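Novice: Hey, dropping final.cif in here, mmCIF, C-alpha atoms and all ligand atoms:
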data_input
loop_
_atom_site.label_atom_id
_atom_site.label_comp_id
_atom_site.auth_asym_id
_atom_site.auth_seq_id
_atom_site.Cartn_x
_atom_site.Cartn_y
_atom_site.Cartn_z
CA MET A 1 26.58 -3.63 18.86
CA ALA A 2 23.12 -3.00 17.57
CA ALA A 3 20.51 -1.73 19.99
CA PRO A 4 18.25 -4.50 21.21
CA GLY A 5 15.31 -3.16 19.34
CA ALA A 6 17.31 -3.17 16.16
CA ALA A 7 18.28 -6.74 16.87
CA ASP A 8 14.65 -7.54 17.59
CA ARG A 9 13.69 -6.42 14.14
CA VAL A 10 15.87 -9.16 12.81
CA GLU A 11 15.32 -11.64 15.59
CA ALA A 12 11.58 -11.65 15.18
CA GLY A 13 12.37 -13.45 11.99
CA CYS A 14 9.23 -15.49 11.91
CA GLY A 15 7.29 -12.41 10.98
CA ALA A 16 9.85 -10.07 9.54
CA THR A 17 9.15 -10.57 5.89
CA GLU A 18 5.67 -12.01 5.78
CA PRO A 19 2.60 -10.19 4.53
CA SER A 20 0.18 -9.01 7.18
CA HIS A 21 -2.88 -11.12 7.67
CA PRO A 22 -6.51 -10.49 8.51
CA ALA A 23 -7.78 -11.14 12.00
CA CYS A 24 -7.52 -14.79 12.91
CA GLY A 25 -4.62 -15.22 10.56
CA ASP A 26 -3.71 -17.48 7.75
CA SER A 27 -4.45 -20.95 9.01
CA LYS A 28 -2.61 -22.48 6.07
CA ARG A 29 0.77 -21.00 6.90
CA PRO A 30 2.88 -23.91 8.13
CA GLN A 31 4.99 -23.59 11.21
CA PHE A 32 8.44 -22.16 10.51
CA GLY A 33 7.78 -21.80 6.80
CA THR A 34 8.73 -24.11 3.98
CA ARG A 35 11.44 -22.37 2.01
CA PHE A 36 14.38 -24.73 2.13
CA LEU A 37 17.76 -24.06 0.62
CA THR A 38 18.68 -27.12 -1.39
CA ASP A 39 21.14 -25.52 -3.79
CA PRO A 40 23.66 -23.20 -2.05
CA ARG A 41 24.07 -21.24 -5.30
CA GLU A 42 20.52 -19.97 -4.85
CA VAL A 43 21.14 -18.45 -1.43
CA PHE A 44 20.70 -14.84 -2.57
CA GLN A 45 17.47 -15.50 -4.42
CA HIS A 46 15.31 -15.02 -1.31
CA ASN A 47 15.42 -13.02 1.92
CA ALA A 48 15.27 -16.02 4.21
CA TRP A 49 15.57 -19.81 4.25
CA ASP A 50 13.82 -22.02 6.76
CA ASN A 51 15.08 -24.82 8.91
CA VAL A 52 18.71 -24.65 7.80
CA GLU A 53 21.05 -27.43 8.83
CA TRP A 54 24.32 -26.48 10.47
CA THR A 55 27.44 -28.38 9.48
CA ASP A 56 29.78 -29.72 12.17
CA GLU A 57 32.42 -27.22 11.01
CA GLN A 58 30.01 -24.33 11.39
CA GLU A 59 29.06 -25.44 14.91
CA ALA A 60 32.74 -25.84 15.85
CA ALA A 61 33.60 -22.38 14.48
CA ALA A 62 30.71 -20.84 16.48
CA LYS A 63 31.91 -22.56 19.65
CA LYS A 64 35.43 -21.27 19.07
CA LYS A 65 34.19 -17.72 18.52
CA VAL A 66 32.21 -17.82 21.76
CA LEU A 67 35.20 -19.14 23.68
CA GLU A 68 37.40 -16.33 22.38
CA ASN A 69 35.12 -13.82 24.05
CA SER A 70 34.28 -15.59 27.29
CA GLN A 71 36.39 -13.52 29.69
CA PRO A 72 33.80 -12.07 32.09
CA LEU A 73 33.65 -8.42 33.10
CA PRO A 74 34.67 -7.60 36.71
CA PRO A 75 32.06 -8.17 39.48
CA GLU A 76 31.43 -4.45 40.11
CA LYS A 77 30.47 -3.96 36.46
CA GLN A 78 28.24 -7.03 36.60
CA GLU A 79 26.54 -5.68 39.70
CA GLU A 80 25.91 -2.33 38.06
CA TYR A 81 24.29 -3.88 34.99
CA ASP A 82 22.11 -5.99 37.26
CA SER A 83 20.97 -3.31 39.68
CA ARG A 84 20.30 -0.75 36.96
CA ALA A 85 18.80 -3.15 34.45
CA ASN A 86 15.42 -1.41 34.24
CA GLU A 87 17.07 2.01 33.82
CA TYR A 88 18.93 0.78 30.75
CA TRP A 89 15.67 -0.49 29.28
CA ASN A 90 13.93 2.79 30.17
CA ASP A 91 16.67 4.63 28.28
CA PHE A 92 16.18 2.30 25.36
CA TYR A 93 12.45 2.99 25.17
CA THR A 94 12.95 6.72 25.71
CA ILE A 95 15.20 6.80 22.66
CA HIS A 96 13.28 4.46 20.42
CA GLU A 97 9.74 4.88 21.78
CA ASN A 98 7.63 2.43 19.85
CA ARG A 99 9.41 2.68 16.55
CA PHE A 100 10.20 -0.99 16.76
CA PHE A 101 6.59 -1.94 17.05
CA LYS A 102 5.79 -4.77 14.72
CA ASP A 103 2.71 -6.76 14.19
CA ARG A 104 3.84 -10.34 14.69
CA HIS A 105 1.35 -12.23 12.64
CA TRP A 106 3.38 -15.45 13.18
CA LEU A 107 2.25 -15.40 16.78
CA PHE A 108 -0.99 -17.25 16.17
CA THR A 109 0.56 -19.87 13.93
CA GLU A 110 3.24 -20.69 16.44
CA PHE A 111 1.10 -20.16 19.52
CA PRO A 112 -2.57 -20.96 18.74
CA GLU A 113 -3.21 -20.81 22.50
CA LEU A 114 -3.21 -17.02 22.16
CA ALA A 115 -6.44 -17.14 20.15
CA PRO A 116 -7.80 -20.67 20.55
CA GLN A 117 -11.27 -19.88 19.25
CA CYS A 118 -9.79 -18.79 15.91
CA GLY A 119 -9.03 -22.40 15.01
CA LEU A 120 -5.46 -21.76 13.93
CA HIS A 121 -4.26 -25.20 14.83
CA GLN A 122 -1.57 -26.67 12.62
CA GLU A 123 -1.77 -29.16 9.86
CA PRO A 124 -0.85 -32.53 11.39
CA SER A 125 2.79 -32.27 12.42
CA ALA A 126 5.14 -33.35 15.16
CA ASP A 127 3.43 -30.74 17.26
CA ALA A 128 -0.11 -31.89 16.58
CA SER A 129 -0.16 -34.50 19.28
CA ALA A 130 0.85 -31.84 21.77
CA THR A 131 -1.99 -29.58 20.66
CA GLU A 132 -4.41 -32.47 20.87
CA LEU A 133 -3.14 -33.25 24.32
CA LEU A 134 -4.02 -29.72 25.35
CA GLN A 135 -7.47 -29.94 23.78
CA GLU A 136 -8.21 -33.29 25.38
CA ASP A 137 -7.57 -31.81 28.74
CA SER A 138 -9.79 -28.80 28.23
CA ALA A 139 -12.82 -30.48 29.76
CA ASP A 140 -10.85 -31.33 32.87
CA GLN A 141 -9.46 -27.84 32.86
CA LYS A 142 -12.94 -26.31 32.87
CA GLN A 143 -13.82 -28.22 35.98
CA CYS A 144 -10.52 -27.22 37.59
CA THR A 145 -11.12 -23.60 36.66
CA GLN A 146 -14.43 -23.68 38.44
CA LEU A 147 -12.75 -25.19 41.47
CA ALA A 148 -9.94 -22.62 41.34
CA SER A 149 -12.32 -19.68 41.14
CA LEU A 150 -14.35 -21.02 44.01
CA SER A 151 -11.28 -21.14 46.17
CA LEU A 152 -10.38 -17.49 45.47
CA SER A 153 -10.92 -14.99 48.22
CA ASP A 154 -13.77 -12.54 47.75
CA GLY A 155 -11.45 -9.78 46.58
CA GLU A 156 -11.90 -8.71 42.96
CA PHE A 157 -8.93 -8.21 40.69
CA PRO A 158 -8.66 -6.77 37.16
CA GLY A 159 -10.20 -9.29 34.80
CA SER A 160 -11.59 -11.38 37.67
CA SER A 161 -14.75 -12.16 35.73
CA ALA A 162 -12.83 -13.24 32.60
CA THR A 163 -12.88 -16.85 31.48
CA TYR A 164 -9.57 -16.85 29.57
CA ARG A 165 -6.60 -14.95 31.00
CA ILE A 166 -3.28 -14.35 29.28
CA LEU A 167 -0.27 -12.64 30.88
CA GLU A 168 2.63 -11.37 28.83
CA VAL A 169 5.78 -10.70 30.83
CA GLY A 170 8.35 -8.26 29.44
CA CYS A 171 5.78 -6.90 27.02
CA GLY A 172 7.84 -3.94 25.78
CA VAL A 173 5.64 -1.70 23.66
CA GLY A 174 2.99 -4.37 23.07
CA ASN A 175 4.23 -6.31 20.04
CA THR A 176 2.33 -9.32 21.33
CA VAL A 177 -0.42 -7.80 23.41
CA PHE A 178 -2.02 -5.67 20.70
CA PRO A 179 -2.17 -8.45 18.13
CA ILE A 180 -3.81 -10.67 20.77
CA LEU A 181 -6.42 -8.02 21.58
CA LYS A 182 -7.08 -7.54 17.88
CA THR A 183 -7.21 -11.22 16.94
CA ASN A 184 -8.76 -12.95 19.92
CA ASN A 185 -12.39 -11.86 20.00
CA ASP A 186 -13.42 -14.15 22.83
CA PRO A 187 -15.64 -11.96 25.05
CA GLY A 188 -14.21 -13.81 28.08
CA LEU A 189 -10.62 -12.82 27.24
CA PHE A 190 -8.57 -10.60 29.54
CA VAL A 191 -4.92 -9.79 28.82
CA TYR A 192 -2.39 -8.71 31.44
CA CYS A 193 0.97 -7.39 30.44
CA CYS A 194 3.93 -6.16 32.40
CA ASP A 195 7.44 -4.90 31.98
CA PHE A 196 9.95 -3.55 34.48
CA SER A 197 10.47 -0.54 32.21
CA SER A 198 7.92 2.06 33.28
CA THR A 199 8.59 3.86 29.98
CA ALA A 200 7.52 0.77 28.00
CA VAL A 201 4.39 0.29 30.12
CA GLU A 202 3.47 3.94 29.60
CA LEU A 203 3.81 3.47 25.84
CA VAL A 204 1.47 0.49 26.03
CA LYS A 205 -1.09 2.39 28.09
CA THR A 206 -1.08 5.41 25.80
CA ASN A 207 -1.43 3.31 22.65
CA PRO A 208 -4.85 4.02 21.10
CA GLU A 209 -5.45 0.26 20.96
CA TYR A 210 -5.10 -0.11 24.74
CA ASP A 211 -8.51 -1.05 26.08
CA PRO A 212 -8.67 -1.08 29.90
CA GLY A 213 -11.84 -3.13 29.70
CA ARG A 214 -9.88 -6.03 28.16
CA CYS A 215 -6.31 -5.38 29.25
CA PHE A 216 -4.26 -4.39 32.28
CA ALA A 217 -0.67 -3.15 31.90
CA PHE A 218 1.54 -2.77 34.95
CA VAL A 219 5.15 -2.27 35.94
CA HIS A 220 6.66 -5.45 37.35
CA ASP A 221 10.13 -6.91 37.71
CA LEU A 222 10.00 -10.57 36.75
CA SER A 223 13.08 -11.33 38.80
CA ASP A 224 11.56 -9.88 41.98
CA VAL A 225 9.85 -13.04 43.12
CA GLU A 226 8.54 -11.45 46.31
CA ALA A 227 6.55 -8.82 44.40
CA ASP A 228 2.83 -9.45 43.96
CA TYR A 229 1.13 -9.88 40.60
CA PRO A 230 -2.33 -8.35 40.22
CA VAL A 231 -3.88 -11.82 39.86
CA PRO A 232 -4.12 -14.64 42.38
CA ASP A 233 -2.15 -17.85 41.94
CA GLY A 234 -3.81 -20.47 39.77
CA THR A 235 -5.81 -18.06 37.62
CA LEU A 236 -3.95 -17.72 34.30
CA ASP A 237 -4.53 -19.84 31.21
CA VAL A 238 -1.41 -18.66 29.38
CA VAL A 239 1.85 -16.93 30.31
CA VAL A 240 3.88 -15.57 27.38
CA LEU A 241 7.61 -14.84 27.45
CA ILE A 242 8.98 -13.46 24.20
CA PHE A 243 12.65 -12.45 24.22
CA VAL A 244 12.47 -11.57 27.91
CA LEU A 245 13.87 -14.47 29.93
CA SER A 246 17.17 -13.93 28.13
CA ALA A 247 17.36 -10.44 29.64
CA LEU A 248 17.52 -11.82 33.20
CA HIS A 249 20.64 -12.77 35.10
CA PRO A 250 20.90 -16.58 34.73
CA ASP A 251 20.94 -16.97 38.53
CA LYS A 252 17.48 -15.42 38.73
CA MET A 253 15.82 -17.42 35.97
CA GLN A 254 14.70 -20.47 37.94
CA ALA A 255 12.97 -18.57 40.73
CA SER A 256 11.30 -16.27 38.19
CA ILE A 257 9.89 -19.15 36.14
CA SER A 258 8.76 -20.97 39.28
CA ARG A 259 6.96 -17.83 40.45
CA LEU A 260 5.17 -17.52 37.10
CA ALA A 261 4.24 -21.21 37.15
CA ARG A 262 2.31 -20.61 40.37
CA LEU A 263 0.07 -18.14 38.52
CA LEU A 264 -1.02 -20.76 35.99
CA LYS A 265 -4.24 -22.67 36.34
CA PRO A 266 -3.90 -26.44 36.30
CA GLY A 267 -3.57 -27.23 32.59
CA GLY A 268 -2.37 -23.67 31.83
CA VAL A 269 0.59 -23.18 29.48
CA MET A 270 3.76 -21.13 29.41
CA LEU A 271 4.89 -20.09 25.93
CA LEU A 272 8.43 -18.95 25.23
CA ARG A 273 10.37 -17.75 22.25
CA ASP A 274 13.93 -16.58 22.83
CA TYR A 275 17.52 -16.58 21.64
CA GLY A 276 19.22 -19.90 20.95
CA ARG A 277 22.88 -20.78 21.46
CA TYR A 278 25.17 -19.51 18.67
CA ASP A 279 22.58 -17.18 17.22
CA MET A 280 24.21 -14.54 15.04
CA ALA A 281 23.63 -11.95 17.78
CA GLN A 282 25.83 -14.02 20.14
CA LEU A 283 28.61 -14.50 17.63
CA ARG A 284 28.69 -10.78 16.92
CA PHE A 285 29.63 -9.81 20.47
CA LYS A 286 33.14 -8.45 20.71
CA LYS A 287 35.57 -8.94 23.60
CA GLY A 288 34.67 -7.05 26.80
CA ARG A 289 30.94 -7.74 26.54
CA CYS A 290 30.72 -11.10 28.27
CA LEU A 291 29.16 -11.19 31.75
CA SER A 292 29.22 -14.95 32.26
CA GLU A 293 28.97 -18.02 30.05
CA ASN A 294 26.64 -17.20 27.12
CA PHE A 295 25.46 -14.00 28.86
CA TYR A 296 26.44 -10.60 27.47
CA VAL A 297 25.84 -6.89 27.82
CA ARG A 298 25.03 -4.81 24.78
CA GLY A 299 26.49 -1.37 24.15
CA ASP A 300 23.41 0.27 25.67
CA GLY A 301 23.61 -1.69 28.94
CA THR A 302 20.83 -4.20 28.22
CA ARG A 303 21.73 -7.86 28.66
CA VAL A 304 21.08 -11.07 26.77
CA TYR A 305 21.51 -14.80 27.34
CA PHE A 306 21.60 -17.50 24.63
CA PHE A 307 19.81 -20.72 25.60
CA THR A 308 19.97 -24.37 24.71
CA GLN A 309 16.80 -26.46 24.74
CA ASP A 310 18.16 -28.50 27.64
CA GLU A 311 18.71 -25.43 29.78
CA LEU A 312 15.17 -24.25 29.17
CA HIS A 313 13.84 -27.71 29.88
CA GLU A 314 15.61 -27.71 33.22
CA LEU A 315 14.10 -24.33 34.11
CA PHE A 316 10.54 -25.29 33.21
CA ALA A 317 10.74 -28.79 34.63
CA GLY A 318 12.27 -27.26 37.76
CA ALA A 319 9.11 -25.20 38.05
CA GLY A 320 7.03 -28.37 37.92
CA LEU A 321 5.86 -27.92 34.32
CA GLU A 322 5.71 -30.60 31.67
CA LYS A 323 6.96 -30.29 28.11
CA VAL A 324 4.42 -29.88 25.35
CA GLN A 325 6.82 -28.64 22.68
CA SER A 326 10.45 -27.59 22.32
CA LEU A 327 11.84 -26.55 18.96
CA VAL A 328 14.91 -24.89 17.55
CA ASP A 329 14.11 -22.52 14.72
CA ARG A 330 17.23 -22.16 12.59
CA ARG A 331 16.85 -19.62 9.88
CA LEU A 332 19.22 -18.20 7.33
CA GLN A 333 18.47 -14.56 6.70
CA VAL A 334 19.95 -12.91 3.67
CA ASN A 335 20.79 -9.32 2.94
CA ARG A 336 20.62 -9.49 -0.81
CA GLY A 337 21.83 -5.91 -1.28
CA LYS A 338 24.99 -6.43 0.78
CA GLN A 339 25.27 -10.13 -0.12
CA LEU A 340 25.38 -11.04 3.58
CA THR A 341 24.14 -14.23 5.23
CA MET A 342 22.99 -14.29 8.84
CA TYR A 343 22.37 -17.50 10.72
CA ARG A 344 19.65 -17.00 13.30
CA VAL A 345 18.82 -19.46 16.07
CA TRP A 346 15.68 -19.15 18.16
CA ILE A 347 14.16 -21.54 20.63
CA GLN A 348 10.47 -21.93 21.03
CA CYS A 349 8.80 -23.96 23.70
CA LYS A 350 5.55 -24.66 25.47
CA TYR A 351 5.34 -26.11 28.94
CA ARG A 352 2.22 -26.98 30.80
CA LYS A 353 1.09 -27.18 34.39
CA ALA A 354 -0.44 -30.61 35.01
CA PRO A 355 -4.21 -30.52 34.72
CA CYS A 356 -5.86 -31.31 38.00
CA LEU A 357 -7.89 -34.46 37.97
CA PRO A 358 -11.60 -34.20 38.61
CA PRO A 359 -12.27 -35.14 42.24
CA ASP A 360 -13.54 -38.64 41.54
CA THR A 361 -10.94 -39.62 38.90
CA THR A 362 -8.59 -41.29 41.34
CA ARG A 363 -11.42 -43.25 42.88
CA ASN A 364 -12.70 -44.28 39.45
CA SER A 365 -9.32 -45.30 38.13
CA SER A 366 -8.46 -47.36 41.20
CA HIS A 367 -11.94 -48.82 41.02
CA ARG A 368 -11.33 -49.64 37.33
CA ARG A 369 -7.94 -51.11 38.13
CA GLY A 370 -9.52 -53.27 40.81
CA ARG A 371 -12.09 -54.73 38.45
C1 LIG B 401 14.00 -7.77 23.86
S1 LIG B 401 12.73 -6.90 24.65
C2 LIG B 401 11.30 -7.82 24.14
C3 LIG B 401 10.04 -7.04 24.31
C4 LIG B 401 8.78 -7.78 23.87
N1 LIG B 401 8.60 -9.03 24.58
C5 LIG B 401 8.85 -8.02 22.39
O1 LIG B 401 9.07 -9.16 22.01
O2 LIG B 401 8.70 -7.08 21.64
C6 LIG B 401 12.91 -7.42 26.36
C7 LIG B 401 11.88 -6.78 27.27
O3 LIG B 401 11.98 -7.38 28.55
C8 LIG B 401 11.89 -6.38 29.52
N2 LIG B 401 12.56 -6.91 30.72
C9 LIG B 401 13.85 -7.22 30.87
N3 LIG B 401 14.09 -7.67 32.11
C10 LIG B 401 12.89 -7.67 32.76
C11 LIG B 401 12.49 -8.02 34.08
N4 LIG B 401 13.37 -8.45 34.99
N5 LIG B 401 11.19 -7.89 34.40
C12 LIG B 401 10.30 -7.44 33.49
N6 LIG B 401 10.61 -7.08 32.25
C13 LIG B 401 11.90 -7.19 31.88
C14 LIG B 401 12.58 -5.18 28.90
O4 LIG B 401 12.20 -3.96 29.49
C15 LIG B 401 12.11 -5.30 27.46
O5 LIG B 401 10.90 -4.61 27.28
#
Using structure tokens, write down the structure from this file.
Ligand SMILES: C[S@@+](CC[C@H](N)C(=O)[O-])C[C@H]1O[C@@H](n2cnc3c(N)ncnc32)[C@H](O)[C@@H]1O
Specialist:
Amino acid sequence: MAAPGAADRVEAGCGATEPSHPACGDSKRPQFGTRFLTDPREVFQHNAWDNVEWTDEQEAAAKKKVLENSQPLPPEKQEEYDSRANEYWNDFYTIHENRFFKDRHWLFTEFPELAPQCGLHQEPSADASATELLQEDSADQKQCTQLASLSLSDGEFPGSSATYRILEVGCGVGNTVFPILKTNNDPGLFVYCCDFSSTAVELVKTNPEYDPGRCFAFVHDLSDVEADYPVPDGTLDVVVLIFVLSALHPDKMQASISRLARLLKPGGVMLLRDYGRYDMAQLRFKKGRCLSENFYVRGDGTRVYFFTQDELHELFAGAGLEKVQSLVDRRLQVNRGKQLTMYRVWIQCKYRKAPCLPPDTTRNSSHRRGR
């Protein structure tokens, strides 16, 4: 099995083959690309095809393949992979350091919330109403933010004077954090990032682009819901989870997401991109790698889960968040040299904490209703 970083090079498909872009990005690039395979004979003419449809036969074959390898490893093995999870990731980063660093320029097309002042919002699309919804609420949010900051205790925290706070959880070597710092020039921005691998966090902190005046990296285990974050509840505008929730034991996912949801301001958003069910990486697992349904351990001891949209919805809704967007990105990647086709499946979603209503809204609306 390929090392996770190697898989990540492929899995970060949105950005794998695209040219780099200047700060603030290419606002014209449509979400998920536009290269559609209409004639199967042309499959090897490009490196990737967007939004591929799966046939019923293909779906059934994937299901069968997964079933063939669904015998779980014994409990003591499971326990070991769980209790030593951060050590396996430390080993991974010790070996690979930041060789898998990649500048994900797709980030700002898919997640304009990471640099809102750059005006990277999409051309009108199914997602546009969601984006508008977020914008409409920004006035309310401002008022809520003021209320939230007033209710904080006197204690200062890193970035306490910031006006826009983003936290990336499971940041690895900073594939998301550094592009945000580079692209989002809002003077009120502060970026937090954490990972339970101390090796990864050290690599972030020693990166020449790490600016302690705008960023705070720390070691933190997402699944340890009792552990404190360096920010008070209700203070974050955005929480980003990119290929990290899938690394958690499924039993720990709900509590972890609920804990993160508490950190969001009213109106704040959680952004996720992660593995989807029947992604090529899932179908490649051989027997003896399954931990539980759709959850596997790689050869280097790191683990990965493959989600459906419904499962993610349950997790976010269970944390009291409301859906803004949920998409499946199905991409056909092609190795033209080896004449190989690889069907990738990623899920991308945005969930929001309800904006708090300005204090007199309820009175006004009941007043209006009464008229
Ligand atoms: C596949 S890598 C993705 C890294 C980064 N988000 C990226 O996209 O480049 C998964 C990351 O999640 C981290 N991770 C896994 N479980 C974690 C946990 N319980 N708490 C915090 N970080 C975790 C790993 O150390 C690793 O850096």
Novice: Let me have all residues with an atom within 9 Å of ligand LIG 401 (chain B), counting only C-alpha atoms and all ligand atoms, laid out as a PDB file with C-alpha atoms, in the frame of the given file.
Specialist:
ATOM      1  CA  PRO A   4      18.250  -4.500  21.210  1.00  0.00           C
ATOM      2  CA  GLY A   5      15.310  -3.160  19.340  1.00  0.00           C
ATOM      3  CA  ALA A   7      18.280  -6.740  16.870  1.00  0.00           C
ATOM      4  CA  ASP A   8      14.650  -7.540  17.590  1.00  0.00           C
ATOM      5  CA  ALA A  12      11.580 -11.650  15.180  1.00  0.00           C
ATOM      6  CA  ALA A  85      18.800  -3.150  34.450  1.00  0.00           C
ATOM      7  CA  ASN A  86      15.420  -1.410  34.240  1.00  0.00           C
ATOM      8  CA  GLU A  87      17.070   2.010  33.820  1.00  0.00           C
ATOM      9  CA  TYR A  88      18.930   0.780  30.750  1.00  0.00           C
ATOM     10  CA  TRP A  89      15.670  -0.490  29.280  1.00  0.00           C
ATOM     11  CA  ASN A  90      13.930   2.790  30.170  1.00  0.00           C
ATOM     12  CA  PHE A  92      16.180   2.300  25.360  1.00  0.00           C
ATOM     13  CA  TYR A  93      12.450   2.990  25.170  1.00  0.00           C
ATOM     14  CA  PHE A 100      10.200  -0.990  16.760  1.00  0.00           C
ATOM     15  CA  PHE A 101       6.590  -1.940  17.050  1.00  0.00           C
ATOM     16  CA  LYS A 102       5.790  -4.770  14.720  1.00  0.00           C
ATOM     17  CA  GLU A 168       2.630 -11.370  28.830  1.00  0.00           C
ATOM     18  CA  VAL A 169       5.780 -10.700  30.830  1.00  0.00           C
ATOM     19  CA  GLY A 170       8.350  -8.260  29.440  1.00  0.00           C
ATOM     20  CA  CYS A 171       5.780  -6.900  27.020  1.00  0.00           C
ATOM     21  CA  GLY A 172       7.840  -3.940  25.780  1.00  0.00           C
ATOM     22  CA  VAL A 173       5.640  -1.700  23.660  1.00  0.00           C
ATOM     23  CA  GLY A 174       2.990  -4.370  23.070  1.00  0.00           C
ATOM     24  CA  ASN A 175       4.230  -6.310  20.040  1.00  0.00           C
ATOM     25  CA  THR A 176       2.330  -9.320  21.330  1.00  0.00           C
ATOM     26  CA  CYS A 194       3.930  -6.160  32.400  1.00  0.00           C
ATOM     27  CA  ASP A 195       7.440  -4.900  31.980  1.00  0.00           C
ATOM     28  CA  PHE A 196       9.950  -3.550  34.480  1.00  0.00           C
ATOM     29  CA  SER A 197      10.470  -0.540  32.210  1.00  0.00           C
ATOM     30  CA  SER A 198       7.920   2.060  33.280  1.00  0.00           C
ATOM     31  CA  THR A 199       8.590   3.860  29.980  1.00  0.00           C
ATOM     32  CA  ALA A 200       7.520   0.770  28.000  1.00  0.00           C
ATOM     33  CA  VAL A 201       4.390   0.290  30.120  1.00  0.00           C
ATOM     34  CA  VAL A 219       5.150  -2.270  35.940  1.00  0.00           C
ATOM     35  CA  HIS A 220       6.660  -5.450  37.350  1.00  0.00           C
ATOM     36  CA  ASP A 221      10.130  -6.910  37.710  1.00  0.00           C
ATOM     37  CA  LEU A 222      10.000 -10.570  36.750  1.00  0.00           C
ATOM     38  CA  SER A 223      13.080 -11.330  38.800  1.00  0.00           C
ATOM     39  CA  ASP A 224      11.560  -9.880  41.980  1.00  0.00           C
ATOM     40  CA  VAL A 240       3.880 -15.570  27.380  1.00  0.00           C
ATOM     41  CA  LEU A 241       7.610 -14.840  27.450  1.00  0.00           C
ATOM     42  CA  ILE A 242       8.980 -13.460  24.200  1.00  0.00           C
ATOM     43  CA  PHE A 243      12.650 -12.450  24.220  1.00  0.00           C
ATOM     44  CA  VAL A 244      12.470 -11.570  27.910  1.00  0.00           C
ATOM     45  CA  LEU A 245      13.870 -14.470  29.930  1.00  0.00           C
ATOM     46  CA  SER A 246      17.170 -13.930  28.130  1.00  0.00           C
ATOM     47  CA  ALA A 247      17.360 -10.440  29.640  1.00  0.00           C
ATOM     48  CA  LEU A 248      17.520 -11.820  33.200  1.00  0.00           C
ATOM     49  CA  HIS A 249      20.640 -12.770  35.100  1.00  0.00           C
ATOM     50  CA  LYS A 252      17.480 -15.420  38.730  1.00  0.00           C
ATOM     51  CA  SER A 256      11.300 -16.270  38.190  1.00  0.00           C
ATOM     52  CA  ARG A 273      10.370 -17.750  22.250  1.00  0.00           C
ATOM     53  CA  ASP A 274      13.930 -16.580  22.830  1.00  0.00           C
ATOM     54  CA  THR A 302      20.830  -4.200  28.220  1.00  0.00           C
ATOM     55  CA  ARG A 303      21.730  -7.860  28.660  1.00  0.00           C
ATOM     56  CA  VAL A 304      21.080 -11.070  26.770  1.00  0.00           C
TER      57      VAL A 304
END
Novice: So how far away is CA of Ile257 in chain A from CA of Pro359 in chain A, in Å?
Specialist: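 CA of Ile257 in chain A lies at a distance of 28.0 Å from CA of Pro359 in chain A.
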Novice: Using all atoms listed in the file, which of A:Leu315, A:Arg262, A:Gly288, A:Asp300 sits nearest Lys353 in chain A?
Specialist: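 Of the candidates, the smallest distance to Lys353 in chain A is held by A:Arg262.
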Novice: Skipping near chain neighbours, those fewer than 3 positions away, what residues fall within 7 Å of Lys350 in chain A using all atoms listed in the file, listed as a VMD selection string?
Specialist: chain A and resid 269 to 272 323 to 326
Novice: Determine, counting only C-alpha atoms, which protein, DNA and RNA residues have an atom within 7 Å of an atom of Asp329 in chain A; residues of the same chain fewer than 4 positions away are not included. Present the result as JSON, numbers by chain.
Specialist: {"A": [51, 345, 346, 347]}
Novice: Might you pull out every residue within 9 Å of Asp233 in chain A, with only C-alpha atoms counted and same-chain residues fewer than 3 positions away left off, and present them as a list of chain:residue names?
Specialist: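 Near neighbours after the sequence-gap exclusion: A:Leu152, A:Tyr229, A:Leu236, A:Leu260, A:Ala261, A:Arg262, A:Leu263, A:Leu264, A:Lys265.
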Novice: Which of these residues is nearest to Gln282 in chain A, using only C-alpha atoms: A:Ala62, A:Ala319, A:Ala162, A:Leu114?
Specialist: A:Ala62
Novice: My list of candidates is A:Pro158, A:Gly301, A:Pro116, A:Gly276. Which is closest to Cys215 in chain A when distances are computed with only C-alpha atoms?
Specialist: A:Pro158
Novice: Point out the residue among A:Glu97, A:Pro112, A:Gln71, A:Phe190 with the least atom-to-atom distance to Asp211 in chain A, counting all atoms listed in the file.
Specialist: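 Answer, going by the shortest atom-to-atom distance: A:Phe190.
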